[in-house]
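Asker: You'll find model.tsv just under this line, and it carries TSV, C-alpha atoms.
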```tsv
chain	number	residue	atom	x	y	z
A	3	MET	CA	-372.29	-120.71	127.01
A	4	THR	CA	-370.26	-119.10	124.25
A	5	GLY	CA	-368.14	-120.56	121.49
A	6	ASN	CA	-365.02	-119.43	119.71
A	7	PRO	CA	-364.09	-121.04	116.39
A	8	ASP	CA	-360.41	-121.88	115.98
A	9	GLU	CA	-358.75	-119.45	113.55
A	10	LYS	CA	-356.08	-121.92	112.45
A	11	ASP	CA	-357.91	-125.25	112.47
A	12	PHE	CA	-361.39	-124.90	110.99
A	13	THR	CA	-362.39	-128.34	112.36
A	14	ARG	CA	-362.45	-127.26	116.01
A	15	LEU	CA	-363.82	-124.66	118.36
A	16	SER	CA	-363.69	-123.85	122.07
A	17	LEU	CA	-366.73	-123.58	124.32
A	18	HIS	CA	-366.79	-121.44	127.47
A	19	TRP	CA	-369.44	-121.33	130.20
A	20	GLN	CA	-370.21	-120.31	133.75
A	21	PRO	CA	-371.51	-122.67	136.45
A	22	PRO	CA	-375.29	-122.79	136.97
A	23	LEU	CA	-376.72	-119.95	139.04
A	24	GLU	CA	-378.47	-122.37	141.39
A	25	LEU	CA	-376.12	-125.10	142.55
A	26	ASN	CA	-377.42	-128.35	143.96
A	27	GLY	CA	-374.08	-129.45	145.39
A	28	HIS	CA	-370.49	-129.69	144.16
A	29	ILE	CA	-370.25	-129.97	140.34
A	30	VAL	CA	-368.50	-133.22	139.43
A	31	LYS	CA	-368.64	-132.89	135.62
A	32	TYR	CA	-370.39	-131.31	132.66
A	33	ARG	CA	-371.89	-133.09	129.66
A	34	ILE	CA	-371.95	-131.17	126.39
A	35	TYR	CA	-374.22	-132.26	123.55
A	36	TYR	CA	-373.83	-131.02	119.98
A	37	SER	CA	-375.41	-131.51	116.57
A	38	THR	CA	-375.76	-129.82	113.19
A	39	ASN	CA	-379.52	-130.43	113.36
A	40	VAL	CA	-381.18	-128.27	116.01
A	41	ASN	CA	-384.42	-130.27	115.75
A	42	ALA	CA	-382.87	-133.75	116.06
A	43	SER	CA	-383.66	-135.87	119.10
A	44	LEU	CA	-381.09	-135.34	121.85
A	45	LYS	CA	-380.23	-139.05	121.81
A	46	THR	CA	-378.79	-138.57	118.29
A	47	TRP	CA	-376.51	-135.67	119.31
A	48	GLN	CA	-372.80	-136.21	119.97
A	49	ALA	CA	-371.74	-135.90	123.61
A	50	VAL	CA	-368.46	-135.04	125.34
A	51	GLU	CA	-367.71	-134.46	129.00
A	52	ALA	CA	-365.59	-131.96	130.92
A	53	GLU	CA	-364.35	-132.06	134.50
A	54	GLY	CA	-366.46	-130.16	137.00
A	55	SER	CA	-363.58	-127.79	137.76
A	56	LYS	CA	-363.30	-126.75	134.08
A	57	LEU	CA	-365.26	-123.98	132.40
A	58	THR	CA	-364.01	-124.58	128.86
A	59	LYS	CA	-363.84	-127.48	126.42
A	60	GLN	CA	-362.29	-127.82	122.97
A	61	ILE	CA	-364.47	-129.71	120.47
A	62	ASN	CA	-362.53	-131.39	117.63
A	63	GLY	CA	-363.40	-133.21	114.41
A	64	LEU	CA	-366.00	-130.73	113.20
A	65	LYS	CA	-366.80	-129.74	109.61
A	66	PRO	CA	-365.46	-126.36	108.44
A	67	GLY	CA	-368.05	-123.69	107.71
A	68	THR	CA	-370.80	-125.51	109.61
A	69	ALA	CA	-373.30	-124.33	112.22
A	70	TYR	CA	-373.39	-126.51	115.35
A	71	TYR	CA	-375.93	-126.42	118.16
A	72	PHE	CA	-374.82	-127.03	121.74
A	73	GLN	CA	-376.58	-127.82	125.00
A	74	MET	CA	-375.06	-128.80	128.29
A	75	GLN	CA	-375.86	-129.92	131.79
A	76	ALA	CA	-373.94	-130.19	135.04
A	77	LYS	CA	-373.72	-133.22	137.32
A	78	THR	CA	-373.39	-132.93	141.07
A	79	THR	CA	-373.20	-135.68	143.68
A	80	LYS	CA	-377.04	-135.58	143.62
A	81	GLY	CA	-377.30	-136.26	139.86
A	82	TRP	CA	-377.69	-134.43	136.56
A	83	GLY	CA	-379.15	-130.94	136.51
A	84	PRO	CA	-381.41	-129.36	133.87
A	85	MET	CA	-380.28	-128.77	130.29
A	86	SER	CA	-379.06	-125.34	129.25
A	87	GLU	CA	-380.60	-123.38	126.41
A	88	LYS	CA	-379.38	-124.31	122.91
A	89	GLU	CA	-376.56	-122.16	121.57
A	90	GLU	CA	-375.40	-121.93	117.95
A	91	VAL	CA	-371.70	-121.70	117.09
A	92	SER	CA	-370.20	-122.01	113.60
A	93	THR	CA	-366.78	-123.23	112.56
A	94	LEU	CA	-364.81	-121.03	110.17
A	95	THR	CA	-364.13	-121.68	106.52
A	96	GLY	CA	-361.87	-120.44	103.77
A	97	ASN	CA	-362.83	-119.87	100.16
A	98	ILE	CA	-361.08	-120.37	96.86
A	99	PHE	CA	-362.33	-118.91	93.60
A	100	VAL	CA	-360.96	-118.32	90.11
A	101	HIS	CA	-361.01	-114.63	89.35
A	102	ASN	CA	-359.06	-114.38	86.05
A	103	ILE	CA	-358.37	-116.71	83.14
A	104	PHE	CA	-355.76	-115.75	80.56
A	105	PHE	CA	-355.27	-118.98	78.62
A	106	PRO	CA	-353.08	-120.91	79.34
A	107	PHE	CA	-353.12	-119.43	82.88
A	108	ALA	CA	-355.77	-119.07	85.58
A	109	ILE	CA	-355.47	-116.99	88.73
A	110	ALA	CA	-357.30	-118.25	91.82
A	111	ARG	CA	-357.62	-116.51	95.16
A	112	TRP	CA	-357.87	-118.20	98.56
A	113	HIS	CA	-359.22	-116.13	101.39
A	114	ASP	CA	-360.56	-116.54	104.87
A	115	HIS	CA	-361.15	-114.02	107.62
A	116	ARG	CA	-357.39	-113.46	108.16
A	117	LEU	CA	-355.43	-114.25	105.00
A	118	GLU	CA	-355.59	-113.90	101.25
A	119	PHE	CA	-353.40	-115.65	98.67
A	120	ASP	CA	-353.29	-115.62	94.87
A	121	PHE	CA	-352.26	-118.75	92.94
A	122	VAL	CA	-351.39	-119.03	89.26
A	123	PHE	CA	-352.30	-122.28	87.50
A	124	LEU	CA	-351.13	-123.48	84.13
A	125	LEU	CA	-354.09	-124.81	82.18
A	126	CYS	CA	-353.52	-127.83	79.95
A	127	LYS	CA	-355.67	-129.18	77.18
A	128	ILE	CA	-356.08	-132.95	77.39
A	129	THR	CA	-356.81	-134.76	74.15
A	130	ALA	CA	-357.69	-138.39	73.61
A	131	CYS	CA	-355.40	-140.55	71.48
```
Give the structure from this file in structure tokens form.
Answerer:
Amino acid sequence: MTGNPDEKDFTRLSLHWQPPLELNGHIVKYRIYYSTNVNASLKTWQAVEAEGSKLTKQINGLKPGTAYYFQMQAKTTKGWGPMSEKEEVSTLTGNIFVHNIFFPFAIARWHDHRLEFDFVFLLCKITAC
């Protein structure tokens, strides 16, 4: 199993896999488990399913810049097969940081693995009445 983080939406990624080497019948579906805690009990992991004819699944609603752990198993007409090894895949993140302050202005830079933008902010002093 491999994972590809989405380069436009940092809250999703796509998983890709190959069928098990030893088949015990026709694969009906796959169950994919995922968690941010590799040591958590499997019953606490999130689970999604994919049709048996599919070898990819998009996982949505994830946190940007977070490592997720995945395991999966296939189901045939004879039941569920063994669990795969755990695989780690991380979602992408962007960063913003202030790199210059020339009062009353501040320049901040946003960057991720593809883009970089500079923003100029006008700083205001707030006083109590």
Asker: Val40 in chain A: which residues within 9 Å, counting only C-alpha atoms, same-chain residues fewer than 3 positions away excluded, as a PyMOL selection string?
Answerer: chain A and resi 36-37+43+70-72+88+90
Asker: Rounded to one decimal, what separation in Å do you get between CA of Lys80 in chain A and CA of Pro21 in chain A?
Answerer: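 Separation of CA of Lys80 in chain A and CA of Pro21 in chain A: 15.8 Å.
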Asker: Could you tell me which of A:Asn39, A:His18, A:Lys65, A:Gly81 comes closest to Ala52 in chain A if we count all atoms listed in the file?
Answerer: A:His18
Asker: Which residue is closest to Gln48 in chain A? Choose from A:Ile29, A:Leu23, A:Met74, A:Leu17 and count only C-alpha atoms.
Answerer: A:Met74
Asker: Do you have the CA of Pro22 in chain A-CA of Glu89 in chain A distance handy?
Answerer: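 One can read the CA of Pro22 in chain A to CA of Glu89 in chain A distance as 15.5 Å.
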Asker: Let me make sure I understand: among A:Asn62, A:Ser16, A:Gln73, A:Thr68, which one has the smallest atom-to-atom distance to Arg33 in chain A if we use all atoms listed in the file?
Answerer: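 Answer, going by the shortest atom-to-atom distance: A:Gln73.
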Asker: How many Å separate CA of Leu64 in chain A from CA of Thr13 in chain A?
Answerer: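 Taking CA of Leu64 in chain A as the start and CA of Thr13 in chain A as the end point, the length is 4.4 Å.
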Asker: Fewer than 4 positions away in the same chain doesn't count, so skip those; otherwise give me all residues within 10 Å of Gly63 in chain A, counting only C-alpha atoms, as JSON, numbers by chain.
Answerer: {"A": [11, 12, 13, 14, 15]}
Asker: Looking at all atoms listed in the file, which of A:Met85, A:Glu9, A:Thr95, A:Lys77 is the one that sits closest to Ser55 in chain A?
Answerer: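 Closest residue, counting all atoms listed in the file: A:Lys77.
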